[in-house]
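One structure is given below, encoded as structure tokens.
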Amino acid sequence: MAMAISDFYSAHPNYTTRLRPRTRHAESVLDIDFAVLELLKHEQVHGVIGPQHSTEEKFVAELGQKVHVPIISFAARTSALPDTEKHYFVRTAIDDAVQTRALAAKGFQWAEVVILYEETDYSCPFISHLNKALQDVEIGQVLHLVAVPSSAKNGHLRKELSMLKQKQTGVFLVHMNPSLGFRLFTLAKQVG
């Protein structure tokens, strides 16, 4: 982002308004909420870029609405924010319904599908969109839905994977955060 700002001002040296990004590192949803609060209160920022995950967007969108500061989000839409919260909230990512239609494209011609997904407040709308998209293109059947808790231990993942191995299915759709997905695929390889 710093390079883009530098390039912009190099190409437009007479432009008088200057962007000065303020960044904060956050590990959890709570950290993100506190970071945004601090930026709004102490740094008096005029806009927030983030959240990057849909789990963070409701609170941050509400903050933007209350203090009249635009929030630009890169998170895919996984929940519908009420209209009152959208005045200062701009989403740049494609809606989950569009993404699920791409996954269910007729070109795949799957007979059976197993869906493994991270169990969060926002997974239910995604799975609903995905089920509809798969039905619309007449995929054989969703053989099994596996909800994996965000805090799942390796033993729990191994147990689920061992049960799925017995089903002899070749197509698995996985929808989860990268770190959980990485652990799942690592364990899947070990389980065979």
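The chains in the structure tokens are called A, B, ... from first to last as shown; in each chain the residues are counted from 1, and the ligands are counted from 1 in the order shown.
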Report as a Markdown table: every residue of range 81-121 of chain A with an atom at most 10 Å from range 150-171 of chain A, its closest pair of atoms, and their distance in Å to one decimal, counting only C-alpha atoms, with rows sorted by chain and ascending residue number.
| residue | atom | partner | partner_atom | distance |
| --- | --- | --- | --- | --- |
| A:Trp110 | CA | A:Val171 | CA | 7.4 |
| A:Ala111 | CA | A:Val171 | CA | 8.7 |
| A:Glu112 | CA | A:Val171 | CA | 6.8 |
| A:Val113 | CA | A:Val171 | CA | 5.1 |
| A:Val114 | CA | A:Val171 | CA | 6.3 |
| A:Ile115 | CA | A:Val171 | CA | 8.6 |
| A:Leu116 | CA | A:Glu160 | CA | 9.6 |
| A:Tyr117 | CA | A:Ser150 | CA | 9.5 |
| A:Glu118 | CA | A:Ser150 | CA | 6.0 |
| A:Glu119 | CA | A:Ser150 | CA | 6.3 |
| A:Thr120 | CA | A:Ser150 | CA | 7.2 |
Write the selection just made, keeping N, CA and C atoms, as a compact mmCIF listing (two decimals), in the first residue's frame?
# COMPACT_ATOMS: atom_id res chain seq x y z
N TRP A 110 -19.66 -33.47 -10.90
CA TRP A 110 -19.41 -34.31 -9.74
C TRP A 110 -20.63 -35.18 -9.45
N ALA A 111 -20.42 -36.45 -9.13
CA ALA A 111 -21.53 -37.32 -8.75
C ALA A 111 -21.86 -37.15 -7.27
N GLU A 112 -20.81 -37.06 -6.45
CA GLU A 112 -20.99 -36.91 -5.01
C GLU A 112 -19.95 -35.92 -4.47
N VAL A 113 -20.35 -35.19 -3.46
CA VAL A 113 -19.48 -34.18 -2.87
C VAL A 113 -19.57 -34.28 -1.35
N VAL A 114 -18.41 -34.15 -0.70
CA VAL A 114 -18.35 -34.01 0.75
C VAL A 114 -17.90 -32.58 1.02
N ILE A 115 -18.60 -31.90 1.91
CA ILE A 115 -18.26 -30.51 2.23
C ILE A 115 -17.75 -30.46 3.67
N LEU A 116 -16.52 -29.98 3.82
CA LEU A 116 -15.94 -29.76 5.15
C LEU A 116 -15.85 -28.24 5.32
N TYR A 117 -16.41 -27.74 6.40
CA TYR A 117 -16.41 -26.29 6.59
C TYR A 117 -16.16 -25.94 8.05
N GLU A 118 -15.57 -24.76 8.22
CA GLU A 118 -15.31 -24.25 9.57
C GLU A 118 -16.62 -23.77 10.16
N GLU A 119 -16.91 -24.23 11.35
CA GLU A 119 -18.16 -23.89 12.02
C GLU A 119 -18.01 -22.51 12.68
N THR A 120 -18.59 -21.50 12.02
CA THR A 120 -18.58 -20.13 12.55
C THR A 120 -19.97 -19.54 12.40
Review point. What lies within 12 Å of Arg18 in chain A using only C-alpha atoms, ignoring chain neighbours under 5 positions off, as a list in words?
Key: Ile5, Ser6, Phe8, Tyr9, His12, Pro13 and His46 of chain A
Check your understanding: Excluding same-chain residues fewer than 2 positions from Leu30 in chain A, what lies within 12 Å of it counting only C-alpha atoms, as a VMD selection string?
Key -> chain A and resid 25 to 28 32 to 37 51 55 to 57 59 to 60
**Study point:** Backbone-only DSSP, strand (DSSP E or B) members of range 16-131 of chain A, as a ChimeraX atom specification
**Key:** /A:48-49,71-73,89-91,112-119
Since we have the selection now, will you write its residues out, keeping N, CA and C atoms, as a PDB file, in the first residue's frame?
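Output file again-v5.pdb follows:
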ATOM      1  N   VAL A  48     -11.066   3.609   7.371  1.00  0.00           N
ATOM      2  CA  VAL A  48     -10.447   2.363   7.837  1.00  0.00           C
ATOM      3  C   VAL A  48     -10.493   1.366   6.690  1.00  0.00           C
ATOM      4  N   ILE A  49      -9.328   0.762   6.392  1.00  0.00           N
ATOM      5  CA  ILE A  49      -9.281  -0.316   5.408  1.00  0.00           C
ATOM      6  C   ILE A  49      -9.206  -1.616   6.197  1.00  0.00           C
ATOM      7  N   ILE A  71     -15.595   2.610   6.131  1.00  0.00           N
ATOM      8  CA  ILE A  71     -14.895   1.351   6.365  1.00  0.00           C
ATOM      9  C   ILE A  71     -14.857   0.631   5.021  1.00  0.00           C
ATOM     10  N   ILE A  72     -13.668   0.286   4.558  1.00  0.00           N
ATOM     11  CA  ILE A  72     -13.518  -0.443   3.296  1.00  0.00           C
ATOM     12  C   ILE A  72     -13.078  -1.853   3.654  1.00  0.00           C
ATOM     13  N   SER A  73     -13.902  -2.837   3.287  1.00  0.00           N
ATOM     14  CA  SER A  73     -13.649  -4.223   3.672  1.00  0.00           C
ATOM     15  C   SER A  73     -13.271  -5.080   2.469  1.00  0.00           C
ATOM     16  N   PHE A  89     -20.016   1.676   5.024  1.00  0.00           N
ATOM     17  CA  PHE A  89     -19.367   0.383   4.849  1.00  0.00           C
ATOM     18  C   PHE A  89     -19.324   0.033   3.358  1.00  0.00           C
ATOM     19  N   VAL A  90     -18.112  -0.176   2.827  1.00  0.00           N
ATOM     20  CA  VAL A  90     -17.945  -0.516   1.410  1.00  0.00           C
ATOM     21  C   VAL A  90     -17.238  -1.861   1.327  1.00  0.00           C
ATOM     22  N   ARG A  91     -17.866  -2.798   0.635  1.00  0.00           N
ATOM     23  CA  ARG A  91     -17.283  -4.129   0.476  1.00  0.00           C
ATOM     24  C   ARG A  91     -16.654  -4.211  -0.915  1.00  0.00           C
ATOM     25  N   GLU A 112     -20.814 -37.056  -6.453  1.00  0.00           N
ATOM     26  CA  GLU A 112     -20.986 -36.914  -5.006  1.00  0.00           C
ATOM     27  C   GLU A 112     -19.951 -35.924  -4.475  1.00  0.00           C
ATOM     28  N   VAL A 113     -20.354 -35.192  -3.457  1.00  0.00           N
ATOM     29  CA  VAL A 113     -19.484 -34.182  -2.872  1.00  0.00           C
ATOM     30  C   VAL A 113     -19.565 -34.275  -1.353  1.00  0.00           C
ATOM     31  N   VAL A 114     -18.411 -34.150  -0.702  1.00  0.00           N
ATOM     32  CA  VAL A 114     -18.353 -34.008   0.748  1.00  0.00           C
ATOM     33  C   VAL A 114     -17.899 -32.580   1.016  1.00  0.00           C
ATOM     34  N   ILE A 115     -18.604 -31.895   1.905  1.00  0.00           N
ATOM     35  CA  ILE A 115     -18.257 -30.515   2.229  1.00  0.00           C
ATOM     36  C   ILE A 115     -17.752 -30.465   3.670  1.00  0.00           C
ATOM     37  N   LEU A 116     -16.517 -29.981   3.821  1.00  0.00           N
ATOM     38  CA  LEU A 116     -15.941 -29.757   5.146  1.00  0.00           C
ATOM     39  C   LEU A 116     -15.850 -28.244   5.320  1.00  0.00           C
ATOM     40  N   TYR A 117     -16.415 -27.735   6.398  1.00  0.00           N
ATOM     41  CA  TYR A 117     -16.409 -26.289   6.590  1.00  0.00           C
ATOM     42  C   TYR A 117     -16.161 -25.935   8.047  1.00  0.00           C
ATOM     43  N   GLU A 118     -15.571 -24.757   8.224  1.00  0.00           N
ATOM     44  CA  GLU A 118     -15.313 -24.254   9.568  1.00  0.00           C
ATOM     45  C   GLU A 118     -16.624 -23.765  10.163  1.00  0.00           C
ATOM     46  N   GLU A 119     -16.912 -24.234  11.348  1.00  0.00           N
ATOM     47  CA  GLU A 119     -18.164 -23.886  12.020  1.00  0.00           C
ATOM     48  C   GLU A 119     -18.013 -22.507  12.681  1.00  0.00           C
TER      49      GLU A 119
END
Point to revise | alpha helix (DSSP H) per DSSP on the backbone: members of chain A, as a PyMOL selection string | key: chain A and resi 2-11+29-38+54-67+96-103+123-136+154-165+178-191
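Counting from CA of Leu63 in chain A, the distance to CA of His87 in chain A is 11.4 Å.
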Check your understanding: Skipping near chain neighbours, those fewer than 6 positions away, what residues fall within 12 Å of Lys132 in chain A using only C-alpha atoms, listed as a list of chain:residue names?
Key ->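 Non-adjacent residues within range: A:Asp96, A:Ala97, A:Val98, A:Thr100, A:Arg101, A:Leu103, A:Ala104, A:Pro125, A:Phe126, A:Glu138, A:Ile139, A:Gln141, A:Val142.
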Review point. Which residues, written as a list of chain:residue names, have at least one atom at most 12 Å from Phe185 in chain A, with only C-alpha atoms counted and residues fewer than 3 positions away on the same chain left out?
Key: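 Using only C-alpha atoms, the neighbours found are A:Leu116, A:Asn154, A:Leu157, A:Arg158, A:Leu161, A:Phe172, A:Leu173, A:Val174, A:His175, A:Met176, A:Pro178, A:Ser179, A:Leu180, A:Gly181, A:Phe182, A:Ala188, A:Lys189, A:Gln190, A:Val191, A:Gly192.
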